[in-house]
Structures are given as C-alpha cells and as structure tokens.
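*Asks:* Dumping the structure here so I can ask a few things about it.
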Amino acid sequence: MIRRVVAFVLLAGLGMVFAGLFVGYSPDAALNLSADYYARNTAADTGAANIVTAIIVTYRGLDTLGEVTVLFLTAAVVALVLRRESARANPAADHRPVGELLQTGTRLLVPLIMLAAAYVFTNGHLTPGGGFQGGAIAASAVLLMLLTDPMRRFSHRLISRVESTAGVVYVAIGVLGLVLAGGFLDNRILPLGAFGELLSAGAIPVIYSLIGLKVGAEFSSMMANLSETEDT
Amino acid sequence: MVYVSLATGFILILIGLYGALTNRNLLRMIVSFSVANTGVHTVLIAVGYLPGRTAPILDAAVPVIEAAERIIDPVPQALVLTAIVIGLGVTALMLAYAYKLFATHGTLDISRFTELKW
C-alpha cells in the first residue's frame, strides 16, 4: 500500500513537470540552425534524398557505428547469459505440431519478407527505411520460421560469419573514407551519381546494406538463443 | 496535432513508470519499461514536428531549393531511430536476465530476490 502511495506521489511530481513542459510548448516556426544546414546541404554533400539516412550514415556515421556496436554487445551478452542453459539440451519436448496454415504460409512468406527487407535496406537513401528497419524485417522472417518449427536450429556459425563480415567491411569502408575522401565514413569514396537513383549517394547504400545484414544477423542470433534455451 | 502526440507521449511515460514501480513481476516491469520507452519516442518525434510541413525526404514534391521551408526537423527522427534500436537491445537484455533469474530462483517476483537486500 505504502509503495503505491510513494509511486503515486513520485509520478504526480513528474506529471506536474510534464504538464509544465506541455503548457509551455509551442512548435517552432522555422528549422533550427543544424536542421537548416542539413535541409540545404544534404543533397549537395551526400546525394541522399532521405535526409534522416544522410544524418545517420554520413553526418553522424560514427554514432551509428557505436550504436551497431551496442547492438552487437547486446547480442553477445544475451548469447553469453543464455548459452550455458542450452548446452544441456534435453531431447525435444512434446511440441504440438503447428497448423497447416502456418506452415504453408511460412513457406510462402519467408522469401517475400526477405525480399522486402533487401528492398528496404538498399533503398534507405531514397525512401523511408534503411539498414535497421530492413534488418528488423529480415529478423521477422526468422521469427516466423521459429514459430512454425520451435525446434528448428539455425547455424550460429553462418549467423556470426554474416555479422562479423558485415561489421569488418563497414569499418573498412569507414577507413577508406579517411584515405580517399574527407574523413571517417565519408560516403564520397564512390561517385555520388544522379540524385534520386538507386545507385547514387556514394557509399550510403553499401553501408546501409551492411548495417542491414549485421542488424538482421544480430536480431536473429538473439531470437535463436532465446528460442533454444526455451525448449531445454 | 502536435499537442495530441506530445500529450500521448507524456501519458505513456507516466503509465509505463507507474507500471514499473507498482508491479512485482519482472515480465510486467519489462513491458512497463517498453511502454515508457515508446512514450519517450513519441515525445521526441512530436518535438521535431513543425506545423504544415512534410517528411524530410527530398523528391519531386519537395525539391532541394525549397527543402528548408518545407520539411520538418530530421534530427529528432534520426535520434529516435537510434533510440528504438537501443531500446530493443535493452529489452532483449532484460528478458535474458529475467529468464536467467527464473531459471535460478524459480520465480519472477522481484520481492523474492533478497540476496542484495540489507
């Protein structure tokens, strides 16, 4: 009871702060300086039509490298925490077979989902989407396969190969930017191309595809690890 | 419109924190944290919105010369993209630890974990 009251008082205080922020808030009429710079110069600097992608992959590329590293660490820690459990794998528990509908649907949908994922991460510089979203879509195909067959085993070696290769090539492209262009992860190591084309914006589609593969592999390994511990 | 999403975000944060503070079950706490996380994302996106403008993607409808007058702030969107990914990582870690705690203690009730209590 006392816990509830304390929680309520705390939240009431926080709510007051939020109410103050809410009442005092009025939307800006114009972009602030940094956003204005991005709006005016993204097309000329990077050749990307999607400004959010240009910010993530090029202007703040180093932060994205850090973000991918955090995700990698998470996947590694999840594997580390859960791995010992799966070592003593018991024989398969009696899973009820899944329905015909789900099985057939999975066979039909998994290639299409993978295709959608590849589309989303290769078009990240033109349309909403990109490597992180595409990677999550690819991982949803893996999740669908796990739903149909909970005992399915994915090759951890393949997943970690994809993941580490993508990571190494990502960093190598960043270093190439240092040598051939203006700085680390500069996308102008490849020609910028015609604005709005698929093969444009220099290295952005390449980098975002690598991020897509890496993120997809990391999410898949997390799900595979969680699923494998579940049925021991 | 921007006020609706701003208010939704603040309310979601409060709901999430309330759930995390009052629930004793680890899984419910993790769900509450996800709700609060979503609220933070909504607030961030709402703050970057400028009335009457469109998404920060340049094409035939939003030519480069008019971009600065036509698009909303792209920086919060980039930040939220990062925050979503990190939030997913945090959720996955919490779930893994909750699983481990259940495997070692046989319970998910946080008041039963007394090793660090003094």
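In the structure tokens, each chain is lettered A, B, ... as it comes, each chain's residues begin at 1, and ligands are numbered from 1 in order of appearance.
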Excluding Asn41 in chain A and residues on its chain fewer than 4 positions from it, collect all residues at most 12 Å away from it, counting only C-alpha atoms, and give them as a list in words.
*Replies:*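 With the cut-off at 12 Å, the set is Ser34, Ala35, Asp36, Tyr37, Asp45, Thr46, Gly47, Ala48, Ala49, Ile51, Ala54, Ile55 and Tyr59 of chain A; Leu58, Val64, Ile65, Glu66, Ala67 and Ala68 of chain B.
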*Asks:* Save out the residues we just selected, N, CA and C atoms, as an mmCIF file, in the first residue's frame.
*Replies:*
data_model
loop_
_atom_site.group_PDB
_atom_site.id
_atom_site.type_symbol
_atom_site.label_atom_id
_atom_site.label_comp_id
_atom_site.auth_asym_id
_atom_site.auth_seq_id
_atom_site.Cartn_x
_atom_site.Cartn_y
_atom_site.Cartn_z
ATOM 1 N N SER A 34 21.097 23.663 -37.108
ATOM 2 C CA SER A 34 21.677 22.432 -37.642
ATOM 3 C C SER A 34 20.710 21.771 -38.620
ATOM 4 N N ALA A 35 19.408 21.755 -38.283
ATOM 5 C CA ALA A 35 18.441 21.158 -39.197
ATOM 6 C C ALA A 35 18.406 21.929 -40.509
ATOM 7 N N ASP A 36 18.542 23.254 -40.416
ATOM 8 C CA ASP A 36 18.553 24.072 -41.624
ATOM 9 C C ASP A 36 19.760 23.720 -42.494
ATOM 10 N N TYR A 37 20.905 23.506 -41.843
ATOM 11 C CA TYR A 37 22.091 23.105 -42.618
ATOM 12 C C TYR A 37 21.824 21.790 -43.337
ATOM 13 N N ASP A 45 25.945 17.587 -50.439
ATOM 14 C CA ASP A 45 27.036 16.926 -49.722
ATOM 15 C C ASP A 45 27.063 15.428 -49.961
ATOM 16 N N THR A 46 25.903 14.795 -49.840
ATOM 17 C CA THR A 46 25.888 13.334 -49.812
ATOM 18 C C THR A 46 25.134 12.721 -50.980
ATOM 19 N N GLY A 47 24.261 13.459 -51.640
ATOM 20 C CA GLY A 47 23.478 12.896 -52.728
ATOM 21 C C GLY A 47 22.326 12.026 -52.274
ATOM 22 N N ALA A 48 22.022 12.015 -50.964
ATOM 23 C CA ALA A 48 20.930 11.171 -50.471
ATOM 24 C C ALA A 48 19.635 11.974 -50.454
ATOM 25 N N ALA A 49 18.528 11.333 -50.890
ATOM 26 C CA ALA A 49 17.243 12.022 -50.889
ATOM 27 C C ALA A 49 16.608 11.998 -49.507
ATOM 28 N N ILE A 51 16.940 12.632 -45.866
ATOM 29 C CA ILE A 51 17.877 13.385 -45.027
ATOM 30 C C ILE A 51 18.194 12.638 -43.737
ATOM 31 N N ALA A 54 20.913 10.343 -44.461
ATOM 32 C CA ALA A 54 22.185 11.049 -44.612
ATOM 33 C C ALA A 54 22.766 11.382 -43.250
ATOM 34 N N ILE A 55 21.911 11.813 -42.312
ATOM 35 C CA ILE A 55 22.404 12.129 -40.971
ATOM 36 C C ILE A 55 22.960 10.884 -40.303
ATOM 37 N N TYR A 59 26.628 12.057 -41.771
ATOM 38 C CA TYR A 59 26.969 13.151 -40.861
ATOM 39 C C TYR A 59 27.304 12.620 -39.472
ATOM 40 N N LEU B 58 13.628 14.282 -49.829
ATOM 41 C CA LEU B 58 13.584 15.165 -50.997
ATOM 42 C C LEU B 58 13.161 14.372 -52.222
ATOM 43 N N VAL B 64 15.009 20.369 -53.756
ATOM 44 C CA VAL B 64 16.109 20.714 -52.851
ATOM 45 C C VAL B 64 16.070 22.195 -52.465
ATOM 46 N N ILE B 65 15.719 23.068 -53.410
ATOM 47 C CA ILE B 65 15.790 24.513 -53.106
ATOM 48 C C ILE B 65 14.772 24.908 -52.048
ATOM 49 N N GLU B 66 13.608 24.231 -52.042
ATOM 50 C CA GLU B 66 12.575 24.608 -51.074
ATOM 51 C C GLU B 66 12.686 23.829 -49.779
ATOM 52 N N ALA B 67 13.663 22.906 -49.701
ATOM 53 C CA ALA B 67 13.669 21.942 -48.600
ATOM 54 C C ALA B 67 13.604 22.627 -47.241
ATOM 55 N N ALA B 68 14.410 23.695 -47.054
ATOM 56 C CA ALA B 68 14.498 24.299 -45.724
ATOM 57 C C ALA B 68 13.163 24.892 -45.283
#
*Asks:* What's around Val35 in chain B at 9 Å? Count only C-alpha atoms, leave out sequence neighbours fewer than 6 positions away in its own chain, and write the answer as a PyMOL selection string.
*Replies:* chain B and resi 12-13+15-17
*Asks:* Tell me, as number ranges by chain, which residues lie within 8 Å of range 12-28 of chain A, counting only C-alpha atoms; anything in the same chain fewer than 5 positions away does not count.
*Replies:* B: 2-3, 6-7, 10, 14, 47, 49-51
*Asks:* Within 12 Å of Gln133 in chain A, counting only C-alpha atoms, which residues qualify if same-chain residues fewer than 2 places away don't, as a ChimeraX atom specification?
*Replies:* /A:53,116-124,127-131,135-140,208-209,211-216,219 /B:81-82,84-85
*Asks:* Quick one: everything within 10 Å of Leu185 in chain A, counting only C-alpha atoms, minus sequence neighbours fewer than 2 positions away in the same chain. Send it as JSON, numbers by chain.
*Replies:* {"A": [57, 58, 59, 60, 61, 62, 65, 170, 171, 172, 173, 174, 175, 176, 177, 178, 181, 182, 183, 187, 188, 189, 203, 204, 207]}
*Asks:* What does the file look like for those residues with C-alpha atoms, as a short mmCIF file (atom, residue, chain, number, x, y, z; two decimals), in the first residue's frame?
*Replies:*
data_model
loop_
_atom_site.label_atom_id
_atom_site.label_comp_id
_atom_site.auth_asym_id
_atom_site.auth_seq_id
_atom_site.Cartn_x
_atom_site.Cartn_y
_atom_site.Cartn_z
CA VAL A 57 25.02 7.11 -42.14
CA THR A 58 27.22 10.06 -43.04
CA TYR A 59 26.97 13.15 -40.86
CA ARG A 60 26.73 11.14 -37.65
CA GLY A 61 28.18 7.91 -39.02
CA LEU A 62 30.48 7.43 -36.05
CA LEU A 65 28.98 2.68 -35.65
CA TYR A 170 31.65 -1.45 -42.52
CA VAL A 171 34.71 -0.30 -40.57
CA ALA A 172 36.94 -0.86 -43.64
CA ILE A 173 34.67 1.44 -45.68
CA GLY A 174 34.93 3.99 -42.92
CA VAL A 175 38.74 3.85 -43.02
CA LEU A 176 38.65 4.09 -46.83
CA GLY A 177 36.71 7.32 -46.37
CA LEU A 178 39.60 8.56 -44.26
CA ALA A 181 37.69 11.29 -49.11
CA GLY A 182 37.12 13.84 -46.38
CA GLY A 183 37.04 11.71 -43.23
CA ASN A 187 30.36 8.45 -48.40
CA ARG A 188 32.14 10.19 -51.28
CA ILE A 189 34.58 7.32 -51.85
CA ALA A 203 28.73 4.61 -50.25
CA ILE A 204 25.43 5.13 -48.38
CA ILE A 207 26.97 0.96 -45.80
#
